[in-house]
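Trainee: This one is protein.txt, compact mmCIF, C-alpha atoms.
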# COMPACT_ATOMS: atom_id res chain seq x y z
CA MET A 2 113.17 -42.29 191.41
CA ASP A 3 114.67 -43.43 188.09
CA PHE A 4 112.75 -40.81 186.14
CA LEU A 5 113.77 -38.08 188.59
CA PHE A 6 117.40 -39.15 188.27
CA TRP A 7 117.31 -39.11 184.48
CA ALA A 8 115.48 -35.77 184.32
CA TYR A 9 118.10 -34.03 186.46
CA THR A 10 121.03 -35.80 184.84
CA ILE A 11 119.92 -34.80 181.34
CA VAL A 12 119.26 -31.20 182.40
CA TRP A 13 122.73 -30.86 183.93
CA ILE A 14 124.44 -32.51 180.96
CA LEU A 15 122.60 -30.17 178.60
CA LEU A 16 123.48 -27.07 180.64
CA PHE A 17 127.12 -27.99 181.12
CA GLY A 18 127.44 -29.02 177.47
CA TYR A 19 126.15 -25.61 176.45
CA PHE A 20 128.51 -23.83 178.87
CA ILE A 21 131.49 -25.80 177.57
CA ARG A 22 130.50 -25.04 173.96
CA LEU A 23 130.17 -21.32 174.76
CA ALA A 24 133.49 -21.21 176.61
CA SER A 25 135.39 -23.07 173.88
CA ARG A 26 133.88 -20.84 171.19
CA GLN A 27 134.87 -17.73 173.16
CA ASN A 28 138.43 -19.05 173.67
CA LYS A 29 138.74 -19.83 169.97
CA LEU A 30 137.55 -16.32 169.07
CA LEU A 31 139.92 -14.65 171.54
CA LYS A 32 142.82 -16.72 170.21
CA GLU A 33 142.06 -15.60 166.66
CA VAL A 34 141.69 -11.95 167.81
CA ARG A 35 145.16 -12.15 169.43
CA GLN A 36 146.70 -13.71 166.30
CA LEU A 37 145.17 -11.04 164.05
CA GLN A 38 146.21 -8.28 166.44
CA ASN A 39 149.81 -9.56 166.36
CA ARG A 40 149.71 -9.78 162.55
CA LEU A 41 148.36 -6.22 162.39
CA ASP A 42 151.12 -4.97 164.70
CA GLU A 43 153.73 -6.67 162.49
CA ILE A 44 152.27 -5.08 159.34
CA GLU A 45 152.17 -1.64 160.95
CA LYS A 46 155.77 -2.04 162.15
CA GLN A 47 156.89 -3.07 158.66
CA ASN A 48 155.09 -0.11 157.12
CA SER A 49 156.66 2.37 159.57
CA ASP A 50 160.14 0.82 158.95
CA ASN A 51 159.67 1.15 155.17
CA SER A 52 158.56 4.75 155.41
CA MET B 17 133.16 3.47 188.22
CA SER B 18 132.85 1.23 185.17
CA GLY B 19 135.30 -1.19 186.87
CA ILE B 20 133.00 -1.52 189.88
CA LYS B 21 130.04 -1.97 187.55
CA HIS B 22 131.91 -4.73 185.72
CA ILE B 23 132.78 -6.51 189.00
CA ILE B 24 129.16 -6.29 190.17
CA ASN B 25 127.86 -7.45 186.83
CA HIS B 26 130.30 -10.27 186.35
CA TYR B 27 131.58 -11.68 189.65
CA VAL B 28 128.68 -10.79 191.94
CA ILE B 29 126.05 -12.07 189.52
CA SER B 30 128.03 -15.27 188.87
CA ALA B 31 128.57 -15.88 192.61
CA LEU B 32 124.94 -15.14 193.37
CA THR B 33 123.81 -17.54 190.64
CA PHE B 34 126.08 -20.26 192.03
CA ILE B 35 124.74 -19.75 195.58
CA LEU B 36 121.17 -19.75 194.27
CA MET B 37 121.79 -22.94 192.26
CA SER B 38 123.19 -24.73 195.33
CA SER B 39 120.33 -23.49 197.53
CA SER B 40 117.76 -24.55 194.94
CA LEU B 41 119.20 -28.05 194.73
CA TYR B 42 119.15 -28.30 198.52
CA ALA B 43 115.56 -27.06 198.64
CA ILE B 44 114.40 -29.34 195.82
CA PHE B 45 115.87 -32.56 197.21
CA LEU B 46 115.99 -32.00 200.96
CA TYR B 47 113.67 -29.17 201.98
CA ALA B 48 110.57 -29.61 199.81
CA PRO B 49 108.31 -32.38 201.14
CA ARG B 50 107.55 -35.53 199.15
CA GLU B 51 104.32 -35.13 197.22
CA LYS B 52 101.70 -37.63 198.45
CA THR B 53 100.24 -38.83 195.13
CA MET B 54 103.17 -38.71 192.73
CA GLY B 55 106.06 -39.21 195.13
CA ASP B 56 109.59 -38.07 194.33
CA VAL B 57 108.97 -37.74 190.60
CA GLN B 58 107.01 -34.55 191.36
CA ARG B 59 110.36 -32.88 192.11
CA ILE B 60 110.88 -32.65 188.34
CA PHE B 61 108.31 -29.83 188.54
CA TYR B 62 110.90 -27.56 190.23
CA PHE B 63 113.08 -27.69 187.12
CA HIS B 64 110.40 -28.18 184.49
CA VAL B 65 108.31 -25.06 185.20
CA PRO B 66 111.24 -22.64 185.75
CA SER B 67 112.78 -23.90 182.47
CA ALA B 68 109.50 -23.12 180.70
CA TRP B 69 109.43 -19.69 182.37
CA VAL B 70 112.98 -18.92 181.17
CA ALA B 71 112.11 -20.11 177.65
CA GLY B 72 109.11 -17.73 177.62
CA LEU B 73 111.23 -14.88 179.01
CA ALA B 74 113.97 -15.55 176.45
CA PHE B 75 111.47 -15.46 173.58
CA LEU B 76 109.99 -12.23 174.95
CA VAL B 77 113.50 -10.74 174.79
CA VAL B 78 113.80 -12.04 171.20
CA PHE B 79 110.49 -10.31 170.42
CA ILE B 80 111.59 -7.00 171.99
CA GLY B 81 115.07 -7.22 170.44
CA SER B 82 113.54 -7.90 167.01
CA ILE B 83 111.17 -4.94 167.22
CA MET B 84 113.96 -2.66 168.44
CA PHE B 85 116.23 -3.78 165.61
CA LEU B 86 113.58 -3.05 162.98
CA LEU B 87 112.97 0.37 164.53
CA LYS B 88 116.56 1.46 165.20
CA LYS B 89 118.59 -0.66 162.76
CA ASP B 90 121.15 -1.16 165.51
CA LEU B 91 122.86 -4.58 165.37
CA TYR B 92 123.12 -4.67 169.19
CA TRP B 93 119.40 -5.55 169.33
CA ASP B 94 119.87 -8.29 166.78
CA ARG B 95 122.74 -9.77 168.79
CA LEU B 96 120.59 -9.65 171.94
CA ALA B 97 117.71 -11.37 170.13
CA TYR B 98 120.04 -14.05 168.74
CA ALA B 99 121.67 -14.71 172.13
CA SER B 100 118.28 -14.93 173.79
CA ALA B 101 116.85 -17.24 171.10
CA GLU B 102 119.75 -19.67 171.55
CA ILE B 103 119.23 -19.79 175.32
CA GLY B 104 115.46 -20.05 174.87
CA VAL B 105 115.92 -23.11 172.66
CA ILE B 106 118.20 -24.75 175.27
CA PHE B 107 115.62 -24.23 178.03
CA CYS B 108 112.79 -25.28 175.69
CA THR B 109 114.71 -28.53 175.08
CA MET B 110 114.98 -29.01 178.83
CA VAL B 111 111.19 -28.62 179.15
CA LEU B 112 110.61 -31.12 176.34
CA ILE B 113 112.89 -33.66 178.04
CA THR B 114 111.76 -33.24 181.65
CA GLY B 115 108.05 -33.17 180.71
CA PRO B 116 107.88 -36.70 179.26
CA LEU B 117 110.06 -38.02 182.12
CA TRP B 118 107.39 -36.74 184.51
CA ALA B 119 104.51 -37.83 182.24
CA LYS B 120 105.49 -41.50 182.02
CA PRO B 121 105.05 -42.31 185.74
CA ALA B 122 102.14 -39.85 186.08
CA TRP B 123 100.07 -40.69 182.97
CA GLY B 124 101.62 -43.95 181.78
CA ILE B 125 102.80 -42.47 178.46
CA TYR B 126 105.71 -40.24 177.55
CA TRP B 127 104.03 -38.08 174.97
CA PRO B 128 100.30 -37.42 174.71
CA TRP B 129 99.60 -35.16 171.72
CA ASP B 130 97.56 -32.65 173.68
CA ALA B 131 97.28 -28.89 173.08
CA ARG B 132 99.93 -27.72 175.59
CA ILE B 133 102.55 -30.25 174.60
CA THR B 134 101.98 -29.91 170.85
CA SER B 135 101.98 -26.10 170.95
CA PHE B 136 105.19 -26.18 173.00
CA LEU B 137 106.81 -28.50 170.46
CA ILE B 138 105.78 -26.04 167.71
CA LEU B 139 107.37 -23.20 169.72
CA TRP B 140 110.62 -25.15 169.93
CA LEU B 141 110.53 -25.84 166.18
CA ILE B 142 109.88 -22.15 165.38
CA TYR B 143 112.94 -20.98 167.30
CA LEU B 144 115.03 -23.85 166.00
CA GLY B 145 114.06 -22.52 162.56
CA TYR B 146 115.08 -19.02 163.70
CA LEU B 147 118.56 -20.30 164.62
CA MET B 148 118.88 -22.22 161.33
CA LEU B 149 117.81 -19.15 159.36
CA ARG B 150 120.68 -17.20 160.90
CA GLU B 151 123.17 -19.80 159.73
CA PHE B 152 122.03 -19.70 156.13
CA SER B 153 121.04 -16.10 155.35
CA GLY B 154 123.31 -13.50 153.76
CA ASP B 155 124.90 -10.32 155.10
CA ASP B 156 124.46 -8.91 158.61
CA PHE B 157 121.53 -6.57 157.96
CA LYS B 158 119.63 -8.93 155.70
CA ARG B 159 120.05 -11.75 158.20
CA ALA B 160 119.05 -9.52 161.10
CA SER B 161 115.95 -8.24 159.28
CA LEU B 162 114.76 -11.72 158.29
CA SER B 163 115.42 -13.05 161.80
CA ALA B 164 113.57 -10.11 163.35
CA VAL B 165 110.44 -10.95 161.34
CA VAL B 166 110.61 -14.60 162.47
CA GLY B 167 111.33 -13.46 166.05
CA ILE B 168 108.21 -11.30 166.09
CA ILE B 169 105.87 -13.77 164.40
CA GLY B 170 107.24 -16.69 166.40
CA PHE B 171 106.43 -14.97 169.68
CA LEU B 172 102.72 -15.08 168.81
CA ASN B 173 102.83 -18.77 169.75
CA VAL B 174 103.93 -18.02 173.35
CA PRO B 175 100.47 -16.85 174.55
CA VAL B 176 98.92 -19.81 172.69
CA VAL B 177 101.17 -22.17 174.70
CA TYR B 178 100.38 -20.39 177.97
CA PHE B 179 96.60 -20.30 177.52
CA SER B 180 96.30 -23.71 175.82
CA ILE B 181 95.49 -25.48 179.10
CA ARG B 182 92.71 -22.97 179.82
CA ILE B 183 91.25 -22.91 176.30
CA TRP B 184 91.33 -26.62 175.43
CA ARG B 185 90.80 -29.76 177.47
CA THR B 186 94.25 -31.19 178.02
CA LEU B 187 95.97 -33.88 180.03
CA HIS B 188 98.53 -31.33 181.18
CA PRO B 189 97.98 -30.19 184.80
CA GLN B 190 96.22 -26.86 185.32
CA PRO B 191 98.38 -24.04 186.77
CA VAL B 192 99.26 -24.83 190.38
CA LEU B 193 99.38 -21.13 191.22
CA GLY B 194 96.31 -19.11 190.38
CA GLY B 195 94.73 -22.15 188.79
CA GLY B 196 91.45 -21.92 190.66
CA GLU B 197 89.84 -24.07 193.32
CA GLY B 198 91.87 -27.03 194.57
CA SER B 199 95.10 -25.74 193.10
CA GLY B 200 98.09 -24.45 195.06
CA LEU B 201 101.23 -25.56 196.86
CA ASN B 202 102.07 -25.93 200.52
CA PRO B 203 104.44 -23.22 201.91
CA GLU B 204 107.65 -25.33 201.63
CA MET B 205 106.83 -26.31 198.04
CA LYS B 206 105.92 -22.73 197.17
CA PHE B 207 109.22 -21.48 198.61
CA THR B 208 111.21 -24.10 196.67
CA PHE B 209 109.34 -23.31 193.49
CA PHE B 210 109.95 -19.54 193.71
CA LEU B 211 113.60 -20.07 194.69
CA SER B 212 114.01 -22.23 191.60
CA LEU B 213 112.26 -19.62 189.47
CA ILE B 214 114.59 -16.86 190.71
CA THR B 215 117.63 -19.12 190.23
CA PHE B 216 116.73 -19.87 186.63
CA THR B 217 116.11 -16.19 185.92
CA PHE B 218 119.60 -15.34 187.23
CA LEU B 219 121.04 -18.20 185.20
CA TYR B 220 119.39 -16.81 182.08
CA TYR B 221 120.73 -13.32 182.78
CA MET B 222 124.24 -14.68 183.33
CA ILE B 223 124.25 -16.75 180.14
CA VAL B 224 122.78 -13.97 178.02
CA ARG B 225 125.54 -11.59 179.17
CA TYR B 226 128.22 -14.17 178.41
CA ARG B 227 126.66 -14.93 175.02
CA LEU B 228 126.52 -11.21 174.17
CA LYS B 229 130.19 -10.85 175.05
CA ALA B 230 130.99 -13.69 172.63
CA ALA B 231 128.97 -11.92 169.92
CA GLU B 232 130.93 -8.69 170.52
CA THR B 233 134.23 -10.61 170.26
CA GLU B 234 132.97 -12.09 166.99
CA GLU B 235 132.25 -8.60 165.66
CA ASN B 236 135.70 -7.33 166.72
CA LEU B 237 137.20 -10.32 164.95
CA LEU B 238 135.43 -9.42 161.70
CA ILE B 239 136.70 -5.83 161.93
CA LEU B 240 140.26 -7.06 162.55
CA ARG B 241 140.05 -9.54 159.65
CA LYS B 242 138.98 -6.75 157.29
CA ARG B 243 141.82 -4.50 158.48
CA VAL B 244 144.44 -7.24 158.00
CA GLN B 245 143.02 -8.09 154.56
CA SER B 246 143.12 -4.43 153.51
CA PHE B 247 146.84 -4.33 154.34
CA GLU B 248 147.70 -7.64 152.72
CA VAL B 249 145.89 -7.14 149.39
Would you write out, as structure tokens, the structure that this file holds?
Mentor:
Amino acid sequence: MDFLFWAYTIVWILLFGYFIRLASRQNKLLKEVRQLQNRLDEIEKQNSDNS
Amino acid sequence: MSGIKHIINHYVISALTFILMSSSLYAIFLYAPREKTMGDVQRIFYFHVPSAWVAGLAFLVVFIGSIMFLLKKDLYWDRLAYASAEIGVIFCTMVLITGPLWAKPAWGIYWPWDARITSFLILWLIYLGYLMLREFSGDDFKRASLSAVVGIIGFLNVPVVYFSIRIWRTLHPQPVLGGGEGSGLNPEMKFTFFLSLITFTFLYYMIVRYRLKAAETEENLLILRKRVQSFEV
């Protein structure tokens, strides 16, 4: 029963670890996309004000 | 229409995968009977074999994605191949962990260097190399082309792994389905096994979609970075 327990525990840890890594990577990317989008909006606003 | 398609693809598939995962766990631990010779440790089989199936499927997608990239030069195929390779390596790792945990009580050793196990380890190393190659090679197209070649050549090992137990004498059990005389599963075990197989296939599909979405975000990010840089310089 010990081996069965460890096999399933490791599989779940591995799967959840991967999910968490994927989700955090995606959140990080989306955060950077938002920041860059805001920066781009600011630049475009400045350019239109100057012109 | 695309909204409905998105809901079906995202929420329905995710919910279905969750229901299938719960049902599989119920079937594995409570529905499937205890195997007479090996006892409860045999239940590892319901995770071990479907993980190997998903790894094979993932590497097949890498193979197809690599060929399509070389033919069409469309980076979508490269992203698909990369996403699939990453998932394939995760499931391969699961096979390499659950296998020895079954082997110890069954054979008395964790790791016999037989043909199936060794060829599977080589498969894992090939795709680990594929992932490492992507980290260290140059621009998008060069990286995609190099990876595609590895993705195609690496897949040649998949049939070797599959047929290794038929070609060579190994400690690894013969296939329980279609393995000849004396092989087979009782109906409850067969049901649990196929339920697990379907569950893992759905899980693979769900992860690959999510992983592809992350790759698309990454590409959008690069485009945005270039646009901001062009304004700031």
Trainee: Expressed in Å to a single decimal, how great is the separation between atom CA of B:Ser212 and atom CA of A:Phe17?
Mentor: 17.7 Å
Trainee: Find the residue from A:Lys46, A:Ala24, A:Ala8, A:Lys32 that sits nearest to chain B; use only C-alpha atoms when measuring.
Mentor: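 Closest to chain B, using only C-alpha atoms: A:Ala8.
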Trainee: Could you tell me how far atom CA of B:Ala160 lies from atom CA of B:Asp94, in Å and to one decimal?
Mentor: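 Between these atoms lies a distance of 5.9 Å.
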Trainee: Need the shell around A:Leu16: protein/DNA/RNA residues with any atom at most 9 Å away, counting all atoms listed in the file. Skip same-chain ones fewer than 5 positions apart. Format as a PyMOL selection string?
Mentor: (chain A and resi 11+21) or (chain B and resi 106-107+110)
Trainee: Counting only C-alpha atoms, which of A:Ser52, A:Phe20, A:Gln36, A:Leu5 gets nearest to chain B?
Mentor: A:Leu5
Trainee: Got a sec: who's within 12 Å of A:Val34, counting all atoms listed in the file, leaving out chain neighbours fewer than 2 positions off, as a count of residues only?
Mentor: 25
Trainee: Interatomic distance between atom CA of B:Tyr47 and atom CA of B:Thr208?
Mentor: 7.7 Å
Trainee: So which one's closest to chain B, A:Phe4, A:Gly18, A:Gln47, A:Trp13? Using only C-alpha atoms, please.
Mentor: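 For chain B, the nearest of the candidates is A:Phe4.
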Trainee: Which residue gives the smallest distance to B:Val105 among A:Asp3, A:Ile14, A:Tyr19, A:Asn48, with all atoms listed in the file counted?
Mentor: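 That would be A:Tyr19, the residue with the smallest distance to B:Val105.
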Trainee: Excluding stretch 70-75 of chain B and residues on its chain fewer than 3 positions from it, collect all residues at most 6 Å away from it, counting all atoms listed in the file, and give them as number ranges by chain.
Mentor: B: 67, 78, 100, 104, 107-108
Trainee: Restricting the calculation to only C-alpha atoms: of B:Ile183, B:Ala119, B:Leu87, B:Ala31, which residue gets closest to chain A?
Mentor: B:Ala119
Trainee: Could I get stretch 7-21 of chain A from the block written out with all heavy atoms, as a CSV table (one decimal), in the first residue's frame?
Mentor:
chain,number,residue,atom,x,y,z
A,7,TRP,N,2.7,6.3,-2.5
A,7,TRP,CA,3.7,7.2,-3.1
A,7,TRP,C,3.6,7.5,-4.6
A,7,TRP,O,3.8,8.6,-5.0
A,7,TRP,CB,5.1,6.6,-2.7
A,7,TRP,CG,5.5,6.9,-1.3
A,7,TRP,CD1,5.6,6.0,-0.3
A,7,TRP,CD2,5.6,8.2,-0.7
A,7,TRP,NE1,5.9,6.6,0.9
A,7,TRP,CE2,5.9,8.0,0.7
A,7,TRP,CE3,5.6,9.5,-1.1
A,7,TRP,CZ2,6.1,9.0,1.6
A,7,TRP,CZ3,5.8,10.6,-0.3
A,7,TRP,CH2,6.0,10.3,1.1
A,8,ALA,N,3.2,6.4,-5.3
A,8,ALA,CA,3.0,6.6,-6.7
A,8,ALA,C,2.0,7.7,-7.0
A,8,ALA,O,2.2,8.6,-7.8
A,8,ALA,CB,2.6,5.3,-7.4
A,9,TYR,N,0.8,7.6,-6.4
A,9,TYR,CA,-0.2,8.6,-6.6
A,9,TYR,C,0.1,9.9,-6.1
A,9,TYR,O,-0.2,11.0,-6.7
A,9,TYR,CB,-1.6,8.1,-6.0
A,9,TYR,CG,-2.2,7.1,-7.0
A,9,TYR,CD1,-1.9,5.8,-7.0
A,9,TYR,CD2,-3.2,7.5,-7.9
A,9,TYR,CE1,-2.4,4.9,-8.0
A,9,TYR,CE2,-3.7,6.7,-8.9
A,9,TYR,CZ,-3.3,5.3,-8.9
A,9,TYR,OH,-3.9,4.5,-9.8
A,10,THR,N,0.8,10.0,-4.9
A,10,THR,CA,1.1,11.3,-4.3
A,10,THR,C,2.1,12.0,-5.3
A,10,THR,O,1.9,13.2,-5.6
A,10,THR,CB,1.8,11.1,-3.0
A,10,THR,OG1,0.9,10.3,-2.2
A,10,THR,CG2,2.1,12.4,-2.3
A,11,ILE,N,3.1,11.3,-5.8
A,11,ILE,CA,4.1,11.9,-6.6
A,11,ILE,C,3.4,12.4,-7.9
A,11,ILE,O,3.7,13.5,-8.4
A,11,ILE,CB,5.3,11.0,-6.9
A,11,ILE,CG1,6.1,10.8,-5.6
A,11,ILE,CG2,6.2,11.5,-8.0
A,11,ILE,CD1,7.1,9.7,-5.7
A,12,VAL,N,2.6,11.6,-8.5
A,12,VAL,CA,1.9,11.9,-9.8
A,12,VAL,C,1.1,13.2,-9.6
A,12,VAL,O,1.2,14.2,-10.4
A,12,VAL,CB,1.0,10.8,-10.2
A,12,VAL,CG1,0.0,11.3,-11.2
A,12,VAL,CG2,1.8,9.7,-10.9
A,13,TRP,N,0.3,13.3,-8.5
A,13,TRP,CA,-0.5,14.5,-8.2
A,13,TRP,C,0.4,15.7,-8.0
A,13,TRP,O,0.1,16.8,-8.5
A,13,TRP,CB,-1.4,14.3,-7.0
A,13,TRP,CG,-2.6,13.4,-7.4
A,13,TRP,CD1,-2.9,12.2,-7.0
A,13,TRP,CD2,-3.6,13.8,-8.4
A,13,TRP,NE1,-4.0,11.7,-7.6
A,13,TRP,CE2,-4.5,12.6,-8.5
A,13,TRP,CE3,-3.9,14.9,-9.2
A,13,TRP,CZ2,-5.6,12.6,-9.3
A,13,TRP,CZ3,-5.0,14.8,-10.1
A,13,TRP,CH2,-5.8,13.7,-10.1
A,14,ILE,N,1.5,15.6,-7.2
A,14,ILE,CA,2.4,16.7,-6.9
A,14,ILE,C,2.9,17.2,-8.2
A,14,ILE,O,3.0,18.4,-8.5
A,14,ILE,CB,3.5,16.3,-5.9
A,14,ILE,CG1,2.9,16.1,-4.5
A,14,ILE,CG2,4.6,17.3,-5.9
A,14,ILE,CD1,3.8,15.6,-3.5
A,15,LEU,N,3.4,16.3,-9.1
A,15,LEU,CA,4.0,16.6,-10.4
A,15,LEU,C,3.0,17.4,-11.2
A,15,LEU,O,3.3,18.4,-11.8
A,15,LEU,CB,4.4,15.4,-11.1
A,15,LEU,CG,5.5,15.5,-12.1
A,15,LEU,CD1,6.8,15.9,-11.5
A,15,LEU,CD2,5.7,14.2,-12.9
A,16,LEU,N,1.7,16.9,-11.3
A,16,LEU,CA,0.7,17.5,-12.1
A,16,LEU,C,0.3,18.9,-11.6
A,16,LEU,O,0.3,19.8,-12.4
A,16,LEU,CB,-0.6,16.6,-12.2
A,16,LEU,CG,-0.6,15.6,-13.3
A,16,LEU,CD1,-1.9,14.8,-13.2
A,16,LEU,CD2,-0.6,16.3,-14.7
A,17,PHE,N,0.1,19.0,-10.3
A,17,PHE,CA,-0.3,20.3,-9.7
A,17,PHE,C,0.9,21.3,-9.8
A,17,PHE,O,0.6,22.4,-10.1
A,17,PHE,CB,-0.8,20.1,-8.3
A,17,PHE,CG,-2.2,19.8,-8.3
A,17,PHE,CD1,-2.7,18.5,-8.0
A,17,PHE,CD2,-3.2,20.7,-8.6
A,17,PHE,CE1,-4.0,18.2,-8.0
A,17,PHE,CE2,-4.6,20.4,-8.6
A,17,PHE,CZ,-5.0,19.1,-8.3
A,18,GLY,N,2.1,20.8,-9.6
A,18,GLY,CA,3.2,21.6,-9.7
A,18,GLY,C,3.3,22.2,-11.1
A,18,GLY,O,3.6,23.4,-11.3
A,19,TYR,N,3.1,21.4,-12.1
A,19,TYR,CA,3.1,21.9,-13.5
A,19,TYR,C,2.0,22.9,-13.8
A,19,TYR,O,2.2,23.9,-14.4
A,19,TYR,CB,3.0,20.7,-14.5
A,19,TYR,CG,3.1,21.0,-15.9
A,19,TYR,CD1,4.2,21.7,-16.4
A,19,TYR,CD2,2.0,20.8,-16.8
A,19,TYR,CE1,4.3,22.0,-17.8
A,19,TYR,CE2,2.1,21.1,-18.1
A,19,TYR,CZ,3.2,21.8,-18.6
A,19,TYR,OH,3.3,22.1,-19.9
A,20,PHE,N,0.8,22.6,-13.3
A,20,PHE,CA,-0.4,23.5,-13.4
A,20,PHE,C,0.0,24.9,-12.8
A,20,PHE,O,-0.3,25.9,-13.4
A,20,PHE,CB,-1.6,23.0,-12.8
A,20,PHE,CG,-2.3,21.8,-13.6
A,20,PHE,CD1,-2.9,20.8,-12.9
A,20,PHE,CD2,-2.2,21.8,-15.0
A,20,PHE,CE1,-3.5,19.8,-13.6
A,20,PHE,CE2,-2.8,20.8,-15.7
A,20,PHE,CZ,-3.4,19.8,-15.0
A,21,ILE,N,0.5,24.8,-11.6
A,21,ILE,CA,0.8,26.1,-10.9
A,21,ILE,C,1.9,26.9,-11.7
A,21,ILE,O,1.8,28.1,-11.8
A,21,ILE,CB,1.3,25.8,-9.4
A,21,ILE,CG1,0.1,25.3,-8.6
A,21,ILE,CG2,1.9,27.0,-8.8
A,21,ILE,CD1,0.4,24.7,-7.3
